[in-house]
Structure formats: C-alpha cells, structure tokens
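Okay, so here's the structure we're looking at.
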Amino acid sequence: MTARTQSYLNLALCILLWASIPVASKKILSELSNLQMLFYSTVFSVFALAALVLWQRKIASLRDFTFRDFAHMCWLGFLGAFLYYVLLYGAFARTSAAEGFILAYTWPILISLLAVPLLGERFTPARLLAILISFSGVIAIVTQGRMVALRVENLSGNLLALGGALVFALFSVLGKRASNDLTVAAFVYFCAALICSAAAIALSGGLPLPSATVWGWLIYNGLLVNGLSYVFWFKALEHGDTFIVSNLLYLTPAISLLFVLLFLDEPIHASAVSGLILIIAGILIQSWPKLLALTGIRGS
C-alpha cells in the first residue's frame with residue numbers, strides 16, 4: 001500500500017468518526033448537559049493525545065515552548081477545543097442532529113470571510129458568490145424550507161450551531177499562524193479545554209454519573225472522535241494532497257445524515273438536504289480556482 005493510499009484510508013476513518021458526532025452527542029445529551037458532556041469527553045481526549053505524544057516521543061518538545069507559545073496555544077485551545085464544543089453540544093441539545101451539524105459545517109465559508117481582515121486575502125467575486133449560495137443553504141435549513149415566509153424553527157439551537165461554526169473558523173484562521181508540531185499542539189489545546197471545562201463545571205455545579213450506556217458513548221467520543229481522529233487527520237495530511245484532503249472532508253455532514261437515519265429516531269427534513277447541497281456548492285465554488293490549478297487547467 002502506497003503512502004498516498006494510506007493517507008486517504010486515514011482520511012476515510014477520520015470522516016467516519018467525525019460524521020458520528022451528531023449521534024454520539026445526542027446519545028450523551030439524553031442524560032448530561034453540554035458542559036458535563038464536554039468535561040467527560042475532554043478527560044478521555046487528553047489521555048488519548050497524551051498517549052500519542054508519549055508514543056511519538058515528542059513530550060520533550062514541550063520544554064522548547066516559550067510562555068508566549070503556551071499562551072497562544074491555550075487561547076486556541078479555548079476557542080477550538082472548548083468554546084466550539086460548548087456551542088456545538090448546546091446546539092444538539094436544542095435542535096435536530098442533522099440541522100445542527102450541517103449548520104456547524106458552514107465554517108469553511110466563514111473562514112473565507114475572516115481571512116480577508118485577519119490574513120489580508122482578497123475578497124473576490126467568486127468568494128462573494130460562494131458565500132451567497134452557502135448562505136441561502138443556511139436560510140433553507142433555519143426556516144425548514146419556508147424561505148419566503150421566513151418562519152424560523154429551533155432558533156436558539158441554530159444560532160448556537162452557527163456560533164460554533166464562527167468560533168471554529170476563527171480557530172482555524174488563527175491556527176494557520178502557528179508553527180508548532182500539530183500533535184503536541186492538539187495535546188495542549190485539549191489540556192486547556194480540560195481546565196476551562198473543569199472551571200465551567202465548578203461554576204455551574206454538579207457532575208452526575210451517567211449510565212453504563214452513556215459511559216460507552218463518552219469513551220467513544222473522547223478517545224476516538226476527539227482523540228484518535230486527530231491521528232488519522234494528521235496522517236491524512238502528511239502524504240495526501242492538502243487541497244483534496246480538505247475538500248473530501250466536506251463529505252462528513254452528508255455521511256452524518258446516513259448515521260442519523262440509522263441510529264437516531266429523528267426525521268431528516270428535505271430542507272436540511274437541500275441546504276447541505278447549497279452549502280457544499282458554495283464551498284466548491286470557492287475552491288474552484290485551486291481545483292483548476294490542481295488539474296492543470298487554466299481559466300481564460
């Protein structure tokens with residue numbers, strides 16, 4: 001098996017794990033709050049990433065980081081490993097699994113918006129068209145197809161999902177400036193998230209013990225979805241084409257719809273499917289110039 005084949009195999013495993021986020025979240029949130037779920041899951045994630053850092057013999061590299069490095073990584077950890085999941089899990093507690101996850105996957109479009117003021121990228125006509133198309137998909141999902149009447153369903157849950165997308169986009173843009181080892185950085189991110197979630201639990205009060213079934217989902221979510229998936233993701237990026245890998249990742253919300261049908265007793269509205277198609281179409285339009293360059297085609 002070639003290195004590139006292994007790369008796409010790792011990507012497939014990563015996509016399958018991330019596509020199961022709505023199912024795992026709904027199962028856990030049947031007994032726990034979003035903060036409680038995040039705390040338990042983050043404990044397992046920290047253990048998984050600590051084991052990975054030790055296995056790769058990278059623990060000594062932590063001594064090379066300055067205080068400023070740690071401060072920056074802790075800030076990124078607060079955004080991408082704590083606040084993002086607080087909002088995402090909060091969305092799942094208030095809206096359907098399909099709608100919440102699809103709306104959360106608008107982060108690639110939001111990245112293109114944030115990249116203009118934060119990274120100095122140009123705001124092109126193609127980027128504007130992509131944003132408008134994806135935004136129409138968001139409206140279709142939020143209104144459940146009632147776009148003319150603008151009747152909004154599950155407003156609080158939808159806003160939390162979109163807020164999570166904005167936070168993850170900000171995390172991704174700011175993370176582009178970091179030059180630290182990705183595995184070590186992910187470990188620090190989740191350590192920071194564990195501190196934040198522990199503080200949130202202490203302030204909110206109470207940490208109930210879930211049932212055996214929910215414990216199983218917590219271990220799965222913490223070790224695999226938020227832990228081992230990083231291994232698959234980093235290995236996918238190591239030998240695969242970054243552009244192809246990043247765009248194939250947009251299959252995740254589509255596969256998540258299948259998981260919702262199989263494992264959750266929730267209807268999937270036609271508006272969610274059509275909204276997903278519009279969002280992905282906008283993302284692909286934004287990526288089109290890079291796709292042409294990758295295939296060797298030159299526009300006129």
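Residues are named by chain letter and number: chains run A, B, ... in the order of the structure tokens, numbers start at 1 in each chain, and ligands are numbered from 1 in the order shown.
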
If we count only C-alpha atoms, what is near Ser112 in chain A at a cut-off of 10 Å, once residues fewer than 2 positions away on the same chain are taken out, given as a list of chain:residue names? A:Trp107, A:Pro108, A:Ile109, A:Leu110, A:Leu114, A:Ala115, A:Val116, A:Pro117, A:Leu119, A:Glu121, A:Arg122, A:Phe123, A:Arg127, A:Leu128, A:Ala130, A:Ile131, A:Ala169, A:Val173, A:Ile283, A:Gln286

Expected file: the selected residues, C-alpha atoms, as a PDB file, in the first residue's frame:
ATOM      1  CA  TRP A 107     -17.108  27.100   8.942  1.00  0.00           C
ATOM      2  CA  PRO A 108     -15.223  26.851   5.587  1.00  0.00           C
ATOM      3  CA  ILE A 109     -17.284  29.749   4.236  1.00  0.00           C
ATOM      4  CA  LEU A 110     -16.770  31.737   7.438  1.00  0.00           C
ATOM      5  CA  LEU A 114     -12.363  36.019   8.322  1.00  0.00           C
ATOM      6  CA  ALA A 115      -9.320  35.513   6.090  1.00  0.00           C
ATOM      7  CA  VAL A 116      -9.940  38.903   4.484  1.00  0.00           C
ATOM      8  CA  PRO A 117      -9.371  41.094   7.580  1.00  0.00           C
ATOM      9  CA  LEU A 119      -4.906  37.220   6.779  1.00  0.00           C
ATOM     10  CA  GLU A 121      -6.687  37.825   1.489  1.00  0.00           C
ATOM     11  CA  ARG A 122      -8.647  39.444  -1.362  1.00  0.00           C
ATOM     12  CA  PHE A 123     -12.445  39.446  -1.432  1.00  0.00           C
ATOM     13  CA  ARG A 127     -15.792  34.264  -2.921  1.00  0.00           C
ATOM     14  CA  LEU A 128     -18.846  36.553  -2.758  1.00  0.00           C
ATOM     15  CA  ALA A 130     -19.829  31.210  -2.818  1.00  0.00           C
ATOM     16  CA  ILE A 131     -20.893  32.996   0.360  1.00  0.00           C
ATOM     17  CA  ALA A 169     -13.441  29.347  11.648  1.00  0.00           C
ATOM     18  CA  VAL A 173      -7.584  31.130  10.745  1.00  0.00           C
ATOM     19  CA  ILE A 283     -17.623  25.744  -0.702  1.00  0.00           C
ATOM     20  CA  GLN A 286     -14.791  28.965  -3.550  1.00  0.00           C
TER      21      GLN A 286
END

Could you name the residues that touch Leu203 in chain A at 12 Å or less, counting only C-alpha atoms, but leaving out those on the same chain fewer than 6 positions away, as a tab-separated table (two decimals) with N, CA, C and O atoms, in the first residue's frame?
chain	number	residue	atom	x	y	z
A	35	LEU	N	-22.06	21.04	28.99
A	35	LEU	CA	-20.83	21.24	29.75
A	35	LEU	C	-20.34	19.94	30.39
A	35	LEU	O	-19.14	19.65	30.40
A	36	GLN	N	-21.28	19.17	30.91
A	36	GLN	CA	-20.92	17.89	31.52
A	36	GLN	C	-20.38	16.91	30.48
A	36	GLN	O	-19.38	16.22	30.71
A	196	CYS	N	-10.66	24.65	31.25
A	196	CYS	CA	-11.84	25.51	31.06
A	196	CYS	C	-13.13	24.77	31.40
A	196	CYS	O	-14.02	25.32	32.06
A	197	SER	N	-13.24	23.52	30.96
A	197	SER	CA	-14.46	22.77	31.22
A	197	SER	C	-14.59	22.42	32.70
A	197	SER	O	-15.70	22.41	33.25

Could you tell me which of A:Leu278, A:Val23, A:Ala193, A:Ala161 comes closest to Leu258 in chain A if we count only C-alpha atoms? A:Val23

Test item: residues at most 6 Å from Phe171 in chain A, only C-alpha atoms, excluding those fewer than 5 positions along its chain, as a ChimeraX atom specification: /A:76,79-80

At a cut-off of 12 Å, using only C-alpha atoms, what residues contact range 211-217 of chain A? Leave out same-chain residues fewer than 2 positions from it and give the result as a PyMOL selection string. chain A and resi 20-32+36-37+40-41+44+208-209+219-225

Within 8 Å of Arg94 in chain A using only C-alpha atoms, minus same-chain residues under 4 positions, as a list in words: Gly90, Asn154, Ser156 and Gly157 of chain A

Could you save those same residues with N, CA, C and O atoms as a PDB file, in the first residue's frame?
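What ended up in out.pdb:
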ATOM      1  N   GLY A  90     -24.349  22.345  22.758  1.00  0.00           N
ATOM      2  CA  GLY A  90     -25.537  23.108  23.123  1.00  0.00           C
ATOM      3  C   GLY A  90     -26.549  23.144  21.994  1.00  0.00           C
ATOM      4  O   GLY A  90     -27.765  23.085  22.221  1.00  0.00           O
ATOM      5  N   ASN A 154     -36.449  26.310  15.744  1.00  0.00           N
ATOM      6  CA  ASN A 154     -35.285  25.975  16.578  1.00  0.00           C
ATOM      7  C   ASN A 154     -34.227  27.078  16.551  1.00  0.00           C
ATOM      8  O   ASN A 154     -33.041  26.818  16.337  1.00  0.00           O
ATOM      9  N   SER A 156     -32.762  29.063  18.795  1.00  0.00           N
ATOM     10  CA  SER A 156     -31.632  29.044  19.734  1.00  0.00           C
ATOM     11  C   SER A 156     -30.605  27.989  19.347  1.00  0.00           C
ATOM     12  O   SER A 156     -29.392  28.246  19.355  1.00  0.00           O
ATOM     13  N   GLY A 157     -31.075  26.797  18.970  1.00  0.00           N
ATOM     14  CA  GLY A 157     -30.155  25.734  18.563  1.00  0.00           C
ATOM     15  C   GLY A 157     -29.409  26.075  17.293  1.00  0.00           C
ATOM     16  O   GLY A 157     -28.201  25.835  17.178  1.00  0.00           O
TER      17      GLY A 157
END
